[in-house]
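Novice: Just model_34.cif, nothing more (mmCIF, C-alpha atoms):
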```cif
data_run
#
loop_
_atom_site.label_atom_id
_atom_site.label_comp_id
_atom_site.auth_asym_id
_atom_site.auth_seq_id
_atom_site.Cartn_x
_atom_site.Cartn_y
_atom_site.Cartn_z
CA ALA A 1 19.26 -25.62 -1.10
CA LEU A 2 17.12 -22.59 -0.47
CA VAL A 3 16.14 -21.08 -3.80
CA ARG A 4 14.93 -17.50 -3.93
CA LEU A 5 12.85 -16.92 -7.06
CA ARG A 6 13.19 -13.27 -8.02
CA GLN A 7 11.45 -11.15 -10.62
CA ARG A 8 14.54 -11.00 -12.77
CA ASP A 9 14.51 -14.80 -13.33
CA GLN A 10 14.25 -15.54 -17.05
CA ARG A 11 13.99 -19.34 -16.80
CA PRO A 12 11.44 -21.24 -18.91
CA VAL A 13 8.16 -21.90 -17.10
CA ALA A 14 8.74 -25.67 -16.85
CA GLN A 15 12.15 -25.16 -15.28
CA MET A 16 10.78 -22.51 -12.92
CA LEU A 17 8.01 -24.87 -11.79
CA LEU A 18 10.57 -27.58 -11.13
CA ILE A 19 12.69 -25.24 -9.04
CA ALA A 20 9.61 -23.98 -7.23
CA ALA A 21 8.56 -27.50 -6.35
CA SER A 22 11.96 -28.29 -4.86
CA ALA A 23 12.37 -25.05 -2.91
CA THR A 24 11.87 -25.04 0.85
CA LEU A 25 11.91 -21.29 1.41
CA HIS A 26 8.44 -19.82 1.92
CA PHE A 27 9.06 -16.95 -0.44
CA THR A 28 6.04 -14.77 -1.12
CA ARG A 29 7.32 -12.13 -3.53
CA PRO A 30 4.44 -11.16 -5.87
CA VAL A 31 4.69 -11.72 -9.58
CA ILE A 32 5.01 -8.66 -11.83
CA PRO A 33 3.65 -9.19 -15.36
CA PRO A 34 6.50 -10.17 -17.74
CA ALA A 35 5.98 -7.18 -20.04
CA THR A 36 6.35 -4.70 -17.19
CA ARG A 37 9.37 -6.53 -15.79
CA ALA A 38 11.17 -6.88 -19.12
CA ALA A 39 10.62 -3.25 -20.11
CA ALA A 40 11.96 -1.96 -16.82
CA LEU A 41 15.02 -4.18 -16.64
CA ALA A 42 15.94 -3.62 -20.28
CA GLY A 43 15.59 0.16 -20.26
CA PRO A 44 17.82 2.76 -18.65
CA SER A 45 17.17 3.91 -15.13
CA ARG A 46 15.43 7.27 -14.89
CA SER A 47 16.21 7.77 -11.21
CA ARG A 48 17.50 11.16 -10.17
CA ARG A 49 17.59 13.17 -7.00
CA GLY A 50 14.63 15.38 -6.21
CA GLY A 51 14.51 18.49 -4.10
CA CYS A 52 11.78 17.62 -1.56
CA GLU A 53 12.43 16.74 2.06
CA MET A 54 13.67 13.29 2.90
CA VAL A 55 11.57 11.00 5.06
CA THR A 56 12.72 10.65 8.67
CA VAL A 57 14.06 7.13 9.16
CA ALA A 58 15.55 5.27 12.05
CA ALA A 59 18.80 4.68 10.19
CA SER A 60 20.46 6.17 7.13
CA LEU A 61 18.95 5.17 3.83
CA ASP A 62 21.04 2.65 2.00
CA ALA A 63 21.64 2.88 -1.73
CA THR A 64 18.50 0.91 -2.60
CA GLU A 65 16.19 3.02 -0.47
CA ALA A 66 17.78 6.21 -1.73
CA ALA A 67 17.28 5.13 -5.34
CA LEU A 68 13.65 4.28 -4.67
CA SER A 69 12.90 7.49 -2.78
CA SER A 70 14.38 9.61 -5.57
CA ILE A 71 12.22 8.13 -8.34
CA ARG A 72 10.61 10.96 -10.30
CA ALA A 73 7.17 9.75 -11.38
CA ALA A 74 5.06 12.89 -11.60
CA PRO A 75 4.59 14.25 -15.12
CA ALA A 76 6.10 17.57 -16.11
CA GLU A 77 3.66 20.47 -15.99
CA SER A 78 3.90 20.79 -19.75
CA SER A 79 2.93 17.14 -20.35
CA ALA A 80 -0.23 16.75 -22.40
CA PRO A 81 -2.67 13.84 -22.04
CA ALA A 82 -2.88 11.23 -24.74
CA PRO A 83 -5.64 11.64 -27.35
CA HIS A 84 -9.11 10.87 -25.91
CA GLU A 85 -7.66 10.60 -22.38
CA PRO A 86 -9.58 12.47 -19.65
CA LEU A 87 -7.52 15.41 -18.42
CA ALA A 88 -7.97 14.54 -14.73
CA SER A 89 -6.67 10.97 -15.10
CA ALA A 90 -3.63 11.78 -17.27
CA PRO A 91 -1.18 12.59 -14.44
CA TRP A 92 -2.24 9.52 -12.47
CA ARG A 93 -1.59 7.26 -15.45
CA HIS A 94 1.79 8.82 -16.03
CA ALA A 95 2.84 8.68 -12.37
CA PHE A 96 1.71 5.10 -11.68
CA SER A 97 3.17 3.69 -14.90
CA THR A 98 6.47 5.52 -14.35
CA LEU A 99 6.73 4.35 -10.74
CA VAL A 100 5.91 0.68 -11.24
CA SER A 101 8.05 0.32 -14.38
CA HIS A 102 11.11 2.04 -12.90
CA ARG A 103 14.17 -0.21 -12.84
CA ALA A 104 14.81 0.29 -9.12
CA PHE A 105 11.19 -0.42 -8.19
CA VAL A 106 10.90 -3.57 -10.30
CA SER A 107 14.25 -5.09 -9.35
CA ASP A 108 14.52 -4.15 -5.67
CA GLY A 109 11.45 -2.30 -4.45
CA PHE A 110 8.21 -4.11 -5.19
CA GLY A 111 7.34 -6.35 -2.27
CA GLU A 112 10.64 -5.68 -0.50
CA VAL A 113 11.29 -2.07 0.60
CA ALA A 114 9.06 0.58 2.18
CA PHE A 115 9.90 4.09 1.03
CA LYS A 116 8.53 7.62 0.68
CA LEU A 117 8.99 9.53 -2.54
CA GLU A 118 10.92 12.78 -2.22
CA GLU A 119 8.84 14.50 -4.87
CA HIS A 120 5.34 15.92 -4.45
CA TRP A 121 2.52 14.89 -6.72
CA GLU A 122 0.93 18.31 -7.05
CA PHE A 123 -1.99 16.90 -9.04
CA ALA A 124 -2.93 14.80 -6.00
CA VAL A 125 -3.33 17.80 -3.67
CA GLY A 126 -7.07 18.16 -3.14
CA ALA A 127 -7.78 15.35 -5.62
CA PHE A 128 -10.35 13.98 -3.16
CA THR A 129 -11.65 16.13 -0.31
CA MET A 130 -14.29 16.08 2.41
CA GLU A 131 -16.59 17.84 -0.04
CA ASP A 132 -16.19 14.86 -2.35
CA VAL A 133 -16.85 12.52 0.58
CA ALA A 134 -20.05 14.40 1.44
CA ARG A 135 -21.24 13.96 -2.15
CA ASP A 136 -20.13 10.38 -2.78
CA VAL A 137 -19.97 8.41 0.47
CA THR A 138 -23.58 7.21 0.23
CA LEU A 139 -22.83 5.69 -3.18
CA LEU A 140 -21.21 2.89 -1.18
CA PRO A 141 -23.26 0.17 0.54
CA PRO A 142 -23.15 0.53 4.34
CA GLN A 143 -20.90 -2.50 4.81
CA PHE A 144 -18.23 -0.72 2.71
CA VAL A 145 -18.08 2.28 5.09
CA ALA A 146 -16.63 1.46 8.49
CA SER A 147 -14.41 2.48 11.38
CA GLY A 148 -12.29 0.55 13.83
CA MET A 149 -13.76 -0.41 17.17
CA ARG A 150 -12.59 -2.36 20.20
CA HIS A 151 -14.75 -5.30 21.19
CA GLN A 152 -14.04 -8.05 23.72
CA GLY A 153 -10.30 -7.45 23.64
CA GLY A 154 -10.02 -7.21 19.86
CA VAL A 155 -10.03 -4.56 17.12
CA TYR A 156 -12.62 -4.93 14.38
CA ASN A 157 -14.27 -2.88 11.63
CA GLN A 158 -17.69 -1.51 12.57
CA PRO A 159 -19.77 -0.87 9.43
CA PHE A 160 -22.41 1.82 9.22
CA ALA A 161 -26.10 0.98 9.31
CA ALA A 162 -28.37 1.05 6.28
CA GLY A 163 -29.59 4.55 5.49
CA PHE A 164 -26.49 6.23 6.92
CA SER A 165 -25.66 9.81 5.91
CA PHE A 166 -22.58 11.99 5.65
CA ALA A 167 -23.56 13.50 9.01
CA ASP A 168 -23.17 10.04 10.55
CA VAL A 169 -19.72 9.75 9.00
CA ASP A 170 -18.70 13.17 10.30
CA THR A 171 -19.84 12.27 13.82
CA ARG A 172 -17.98 8.93 13.80
CA MET A 173 -14.84 10.78 12.69
CA ASP A 174 -14.77 12.66 16.01
CA SER A 175 -13.34 9.54 17.67
CA ALA A 176 -12.14 7.20 14.91
CA THR A 177 -10.85 6.94 11.35
CA VAL A 178 -13.56 6.13 8.81
CA VAL A 179 -12.68 4.09 5.72
CA MET A 180 -14.51 3.98 2.41
CA LEU A 181 -13.71 0.42 1.34
CA ASN A 182 -13.48 -0.40 -2.37
CA ALA A 183 -14.36 3.20 -3.23
CA GLY A 184 -12.46 2.92 -6.50
CA PHE A 185 -15.11 0.51 -7.80
CA LEU A 186 -18.09 2.71 -6.94
CA VAL A 187 -17.10 6.39 -6.92
CA PRO A 188 -16.71 7.79 -10.46
CA LYS A 189 -14.05 10.33 -9.50
CA LEU A 190 -11.88 7.55 -8.07
CA ALA A 191 -12.57 4.96 -10.77
CA SER A 192 -10.15 6.58 -13.21
CA ILE A 193 -7.40 6.48 -10.56
CA SER A 194 -8.06 2.78 -9.98
CA LEU A 195 -8.00 2.12 -13.72
CA ALA A 196 -4.69 3.98 -14.01
CA MET A 197 -3.04 1.62 -11.49
CA LEU A 198 -4.73 -1.43 -13.01
CA GLU A 199 -3.33 -0.60 -16.43
CA ALA A 200 0.11 0.27 -15.02
CA THR A 201 0.55 -3.02 -13.14
CA GLY A 202 -1.61 -5.49 -15.02
CA LEU A 203 -2.57 -6.87 -11.60
CA PRO A 204 -5.79 -6.87 -9.52
CA ILE A 205 -6.13 -3.65 -7.56
CA TRP A 206 -8.52 -1.82 -5.23
CA LEU A 207 -8.72 1.71 -3.81
CA ASN A 208 -9.78 2.72 -0.29
CA VAL A 209 -10.23 6.23 1.12
CA TYR A 210 -9.29 6.92 4.78
CA LEU A 211 -10.76 9.89 6.68
CA SER A 212 -9.28 11.12 9.97
CA LYS A 213 -9.83 14.33 11.90
CA PRO A 214 -6.83 15.99 13.65
CA GLY A 215 -6.13 14.88 17.22
CA LEU A 216 -6.51 11.08 17.00
CA ALA A 217 -3.86 9.42 19.19
CA THR A 218 -4.39 6.21 17.21
CA SER A 219 -5.83 6.46 13.74
CA THR A 220 -4.98 2.86 12.87
CA GLN A 221 -3.52 0.25 15.23
CA LEU A 222 -0.24 -1.49 14.43
CA HIS A 223 -1.06 -4.16 11.85
CA THR A 224 -0.07 -5.79 8.57
CA ASP A 225 -1.97 -6.19 5.29
CA ALA A 226 -1.94 -8.65 2.39
CA GLN A 227 -1.60 -5.91 -0.22
CA ASP A 228 1.33 -3.89 -1.53
CA VAL A 229 0.04 -0.33 -1.29
CA VAL A 230 0.73 3.13 -2.66
CA LEU A 231 -0.59 5.79 -0.28
CA VAL A 232 -1.33 9.27 -1.63
CA GLN A 233 -2.15 12.11 0.76
CA CYS A 234 -4.83 14.47 -0.60
CA THR A 235 -5.69 16.79 2.32
CA GLY A 236 -4.57 17.27 5.92
CA ARG A 237 -1.67 15.51 7.59
CA LYS A 238 -1.12 12.05 9.05
CA ARG A 239 1.83 10.48 10.83
CA TRP A 240 2.95 7.06 9.62
CA ARG A 241 5.30 4.62 11.30
CA VAL A 242 6.39 1.57 9.31
CA TYR A 243 8.30 -1.35 10.83
CA ARG A 244 10.38 -4.26 9.63
CA PRO A 245 8.26 -7.45 9.40
CA PRO A 246 8.63 -9.67 12.47
CA PRO A 247 10.15 -13.13 11.90
CA PRO A 248 7.22 -15.43 10.96
CA GLY A 249 8.82 -18.18 13.05
CA LYS A 250 7.94 -16.30 16.24
CA THR A 251 4.23 -16.73 15.51
CA PRO A 252 4.00 -19.68 13.06
CA SER A 253 0.26 -20.12 13.61
CA LEU A 254 -0.57 -16.53 12.57
CA ASP A 255 -0.94 -15.15 9.06
CA PRO A 256 1.95 -12.67 8.53
CA PHE A 257 -0.32 -10.67 6.18
CA ALA A 258 -3.08 -10.23 8.79
CA ARG A 259 -1.25 -9.42 12.02
CA GLY A 260 -2.63 -6.90 14.51
CA LYS A 261 -6.27 -7.59 13.67
CA GLY A 262 -8.99 -9.09 15.81
CA THR A 263 -7.49 -10.27 19.09
CA ASP A 264 -3.92 -10.42 17.74
CA HIS A 265 -2.08 -7.47 19.31
CA MET A 266 1.30 -6.56 17.82
CA GLU A 267 4.02 -5.11 20.03
CA PHE A 268 6.09 -2.08 19.01
CA VAL A 269 9.75 -3.00 18.51
CA GLU A 270 11.55 0.33 18.22
CA GLU A 271 14.72 -1.15 16.71
CA ASP A 272 12.55 -2.41 13.82
CA LEU A 273 11.26 1.09 12.99
CA LEU A 274 11.98 1.86 9.34
CA ILE A 275 10.00 5.02 8.63
CA ASP A 276 8.55 7.71 10.89
CA THR A 277 7.08 10.50 8.78
CA VAL A 278 4.23 12.98 8.59
CA MET A 279 2.49 12.83 5.23
CA GLU A 280 1.66 16.18 3.64
CA PRO A 281 -0.80 16.74 0.77
CA GLY A 282 0.73 15.48 -2.46
CA GLN A 283 3.19 13.08 -0.82
CA VAL A 284 3.43 9.38 -1.64
CA LEU A 285 4.38 6.38 0.53
CA TYR A 286 4.87 2.77 -0.59
CA ILE A 287 4.45 -0.12 1.90
CA PRO A 288 4.95 -3.77 0.89
CA ALA A 289 2.56 -6.47 2.06
CA GLY A 290 3.37 -7.79 5.52
CA TYR A 291 5.10 -4.64 6.80
CA PRO A 292 3.59 -3.52 10.14
CA HIS A 293 2.40 0.09 10.21
CA THR A 294 0.39 2.42 12.43
CA THR A 295 -0.96 5.94 12.02
CA ASP A 296 -2.12 8.90 14.09
CA THR A 297 -3.10 12.55 13.65
CA LEU A 298 -1.84 13.73 17.06
CA LEU A 299 0.72 16.07 15.52
CA GLU A 300 2.87 18.99 16.57
CA PRO A 301 0.84 22.22 16.31
CA VAL A 302 1.36 23.99 12.98
CA GLU A 303 -0.40 27.24 12.19
CA ASP A 304 -1.42 26.88 8.56
CA GLU A 305 -4.42 26.00 6.46
CA VAL A 306 -3.56 22.30 6.26
CA ALA A 307 -3.52 21.90 10.05
CA SER A 308 -7.28 22.31 10.36
CA GLN A 309 -8.12 19.96 7.49
CA PRO A 310 -9.14 16.35 8.11
CA SER A 311 -6.66 13.88 6.71
CA VAL A 312 -7.94 12.33 3.48
CA HIS A 313 -5.66 9.83 1.77
CA LEU A 314 -6.06 7.25 -0.97
CA THR A 315 -4.70 3.75 -0.52
CA VAL A 316 -4.23 1.98 -3.85
CA GLY A 317 -3.55 -1.68 -3.19
CA VAL A 318 -2.13 -4.40 -5.44
CA ASP A 319 -3.91 -7.68 -4.64
CA SER A 320 -1.31 -10.18 -5.85
CA HIS A 321 -1.44 -12.25 -2.64
CA ILE A 322 -5.24 -12.24 -2.41
CA TRP A 323 -5.41 -13.68 -5.93
CA SER A 324 -2.53 -16.16 -5.31
CA LEU A 325 -0.19 -14.35 -7.73
CA SER A 326 3.03 -15.07 -5.85
CA TYR A 327 5.84 -17.59 -6.09
CA ALA A 328 4.75 -19.12 -2.77
CA HIS A 329 1.35 -19.99 -4.23
CA LEU A 330 3.01 -21.17 -7.44
CA ARG A 331 5.17 -23.52 -5.40
CA GLN A 332 2.16 -24.86 -3.50
CA HIS A 333 0.30 -25.59 -6.74
CA ALA A 334 3.36 -27.26 -8.25
CA LEU A 335 3.76 -29.50 -5.20
CA THR A 336 0.08 -30.41 -5.22
CA ARG A 337 0.12 -31.28 -8.93
CA ALA A 338 3.21 -33.41 -8.38
CA GLY A 339 1.44 -35.33 -5.63
CA GLN A 340 3.71 -33.94 -2.95
CA PRO A 341 2.55 -32.43 0.36
CA ALA A 342 2.20 -28.64 0.13
CA ALA A 343 2.38 -28.23 3.92
CA LEU A 344 4.61 -29.30 6.77
CA SER A 345 3.44 -31.75 9.43
CA ASP A 346 2.18 -28.86 11.60
CA GLY A 347 0.11 -27.45 8.74
CA ALA A 348 2.45 -24.58 7.85
CA PRO A 349 2.98 -24.09 4.09
CA VAL A 350 6.26 -25.35 2.63
#
```
Is it possible to express this structure as structure tokens?

Specialist:
Amino acid sequence: ALVRLRQRDQRPVAQMLLIAASATLHFTRPVIPPATRAAALAGPSRSRRGGCEMVTVAASLDATEAALSSIRAAPAESSAPAPHEPLASAPWRHAFSTLVSHRAFVSDGFGEVAFKLEEHWEFAVGAFTMEDVARDVTLLPPQFVASGMRHQGGVYNQPFAAGFSFADVDTRMDSATVVMLNAGFLVPKLASISLAMLEATGLPIWLNVYLSKPGLATSTQLHTDAQDVVLVQCTGRKRWRVYRPPPPGKTPSLDPFARGKGTDHMEFVEEDLLIDTVMEPGQVLYIPAGYPHTTDTLLEPVEDEVASQPSVHLTVGVDSHIWSLSYAHLRQHALTRAGQPAALSDGAPV
């Protein structure tokens, strides 16, 4: 029988390993630390409807998506930071911990449903700007600053050369999105945000910054990633389209967490469109690992201050799959330790 191991399982470890070893479903849901899971499922739900605009979706939100979108994670304006806590990081800690410990997110959202929060995180507006980029981008080694490029029929990251400057970044942004990879490890202003998510989840994380000028028909090609990500818009606007994951059986030889990269070109399937939204400063979007998404900044003209700003957004990723913290990896290890094959005859994982 196909056994789906969910976060709410409370079985002893030995029994869970036994079930994992006998399961045939390639289930990749990431593992949430027991303390976070237990606290969320034992406590009352804090979900309530907010007043901000709903995300445009291809079909009506079902009850689960509605509950997730209406999570209120931002701290009240009167909230004070904990003793000895830096003022700037306090709202991030509150928001991340509230989001990831919310009953709806733990039981039905994490790793399963893409959604956009209805509320605005006002503290995130202007939290990282092009002025910050100009000051901090050269703190990163050149291989950590890159933009997408097409080469021999594929799409790849093109890093900057040693000795690059902010002027080089600004010039590259005329035709492509520039990403500051792993910026949360190297930029002091972003380190506290990374630490806030690390402490909230108890899982490995990273933080990237994406920079896009208005008018890009394709900011990022349609692709999937191995991380569950929380995207926070700081300045400018960017359009996001998120799609339902394609059946892995259609492309069994390809990694479902790395589609649309290199020479693998994903096709748009309009009936699989889940979210089509323009992110405004202070808005938050969650995308599970393996969900195809694409972005652009070719937007309808709007006469306001935001329209002329480059899009700067933070992507905070949870690296549970990269570090093998999923039930699929647990099952593979259990099979290997039991002396059983952890792959099918064609090499695909069990």

Novice: Between A:Thr201, A:Ser101, A:Thr235, A:Gln332, single out the one closest to Glu305 of chain A, counting all atoms listed in the file.

Specialist: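 When distances to Glu305 of chain A are compared using all atoms listed in the file, the smallest one comes from A:Thr235.
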
Novice: Let me know the residues the PyMOL selection byres ((chain A and resi 131-148) around 10) catches in the file above, as an MDAnalysis selection string.

Specialist: chainID A and resid 126:130 149:151 155:167 169:170 172:173 175:183 185:189 208:211 219:221 312

Novice: List the residues selected by the PyMOL selection byres ((chain A and resi 203) around 8) in the file shown, writing them as an NGL selection string.

Specialist: :A and (32-33 or 198-199 or 201-202 or 204-205 or 318-320)

Novice: Tell me which of A:Arg93, A:His293, A:Arg72, A:His102 sits closest to Val229 of chain A, counting all atoms listed in the file.

Specialist: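 Ranking A:Arg93, A:His293, A:Arg72, A:His102 by distance to Val229 of chain A, first place goes to A:His293.
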
Novice: Quick check on the file I pasted: which residues fall under the PyMOL selection byres ((chain A and resi 278) around 7)? Write them as a list in words.

Specialist: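 In the shown coordinates, the PyMOL selection byres ((chain A and resi 278) around 7) covers Arg237, Lys238, Arg239, Trp240, Thr277, Met279 and Glu280 of chain A.
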
Novice: Go through A:Thr218, A:Ser253, A:Gln233, A:Gln309 one by one, measure the shortest atom-to-atom distance of each to Thr297 of chain A using only C-alpha atoms, and give the residue with the smallest value.

Specialist: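 Looking at the shortest contact to Thr297 of chain A, the residue is A:Thr218.
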
Novice: Between atom CA of Asp225 of chain A and atom CA of Pro252 of chain A, what is the distance in Å, rounded to a tenth?

Specialist: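 Pair atom CA of Asp225 of chain A / atom CA of Pro252 of chain A returns 16.7 Å.
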
Novice: So that I can check the surroundings of Glu122 of chain A, please list as a PyMOL selection string every protein, DNA and RNA residue that reaches within 9 Å of it, counting only C-alpha atoms and ignoring chain neighbours fewer than 4 positions away.

Specialist: chain A and resi 74+126+281-283

Novice: When you count only C-alpha atoms, which of these residues is closest to Ser308 of chain A: A:Gly236, A:Ala76, A:Ala343, A:Leu195?

Specialist: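 Residue with the minimum atom-to-atom distance to Ser308 of chain A: A:Gly236.
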
Novice: As a PDB file with C-alpha atoms, in the coordinates of the input, please: the residues near Lys261 of chain A (cut-off 9 Å, all atoms listed in the file, same-chain neighbours under 2 positions excluded).

Specialist:
```pdb
ATOM      1  CA  GLY A 154     -10.020  -7.210  19.860  1.00  0.00           C
ATOM      2  CA  VAL A 155     -10.030  -4.560  17.120  1.00  0.00           C
ATOM      3  CA  TYR A 156     -12.620  -4.930  14.380  1.00  0.00           C
ATOM      4  CA  GLN A 221      -3.520   0.250  15.230  1.00  0.00           C
ATOM      5  CA  LEU A 222      -0.240  -1.490  14.430  1.00  0.00           C
ATOM      6  CA  HIS A 223      -1.060  -4.160  11.850  1.00  0.00           C
ATOM      7  CA  THR A 224      -0.070  -5.790   8.570  1.00  0.00           C
ATOM      8  CA  ALA A 258      -3.080 -10.230   8.790  1.00  0.00           C
ATOM      9  CA  ARG A 259      -1.250  -9.420  12.020  1.00  0.00           C
ATOM     10  CA  THR A 263      -7.490 -10.270  19.090  1.00  0.00           C
ATOM     11  CA  ASP A 264      -3.920 -10.420  17.740  1.00  0.00           C
ATOM     12  CA  HIS A 265      -2.080  -7.470  19.310  1.00  0.00           C
ATOM     13  CA  MET A 266       1.300  -6.560  17.820  1.00  0.00           C
TER      14      MET A 266
END
```

Novice: What does the distance between atom CA of Phe96 of chain A and atom CA of Val232 of chain A come to in Å, to one decimal place?

Specialist: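 Computed distance, atom CA of Phe96 of chain A to atom CA of Val232 of chain A, equals 11.3 Å.
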
Novice: Find the distance between atom CA of Ala217 of chain A and atom CA of Asp304 of chain A and write it in Å to one decimal.

Specialist: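 About the pair atom CA of Ala217 of chain A and atom CA of Asp304 of chain A: they are 20.6 Å apart.
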
Novice: Hey, which of A:Thr294, A:Ser212, A:Thr98, A:Ser89 ends up closest to Phe123 of chain A? Count all atoms listed in the file.

Specialist: A:Ser89
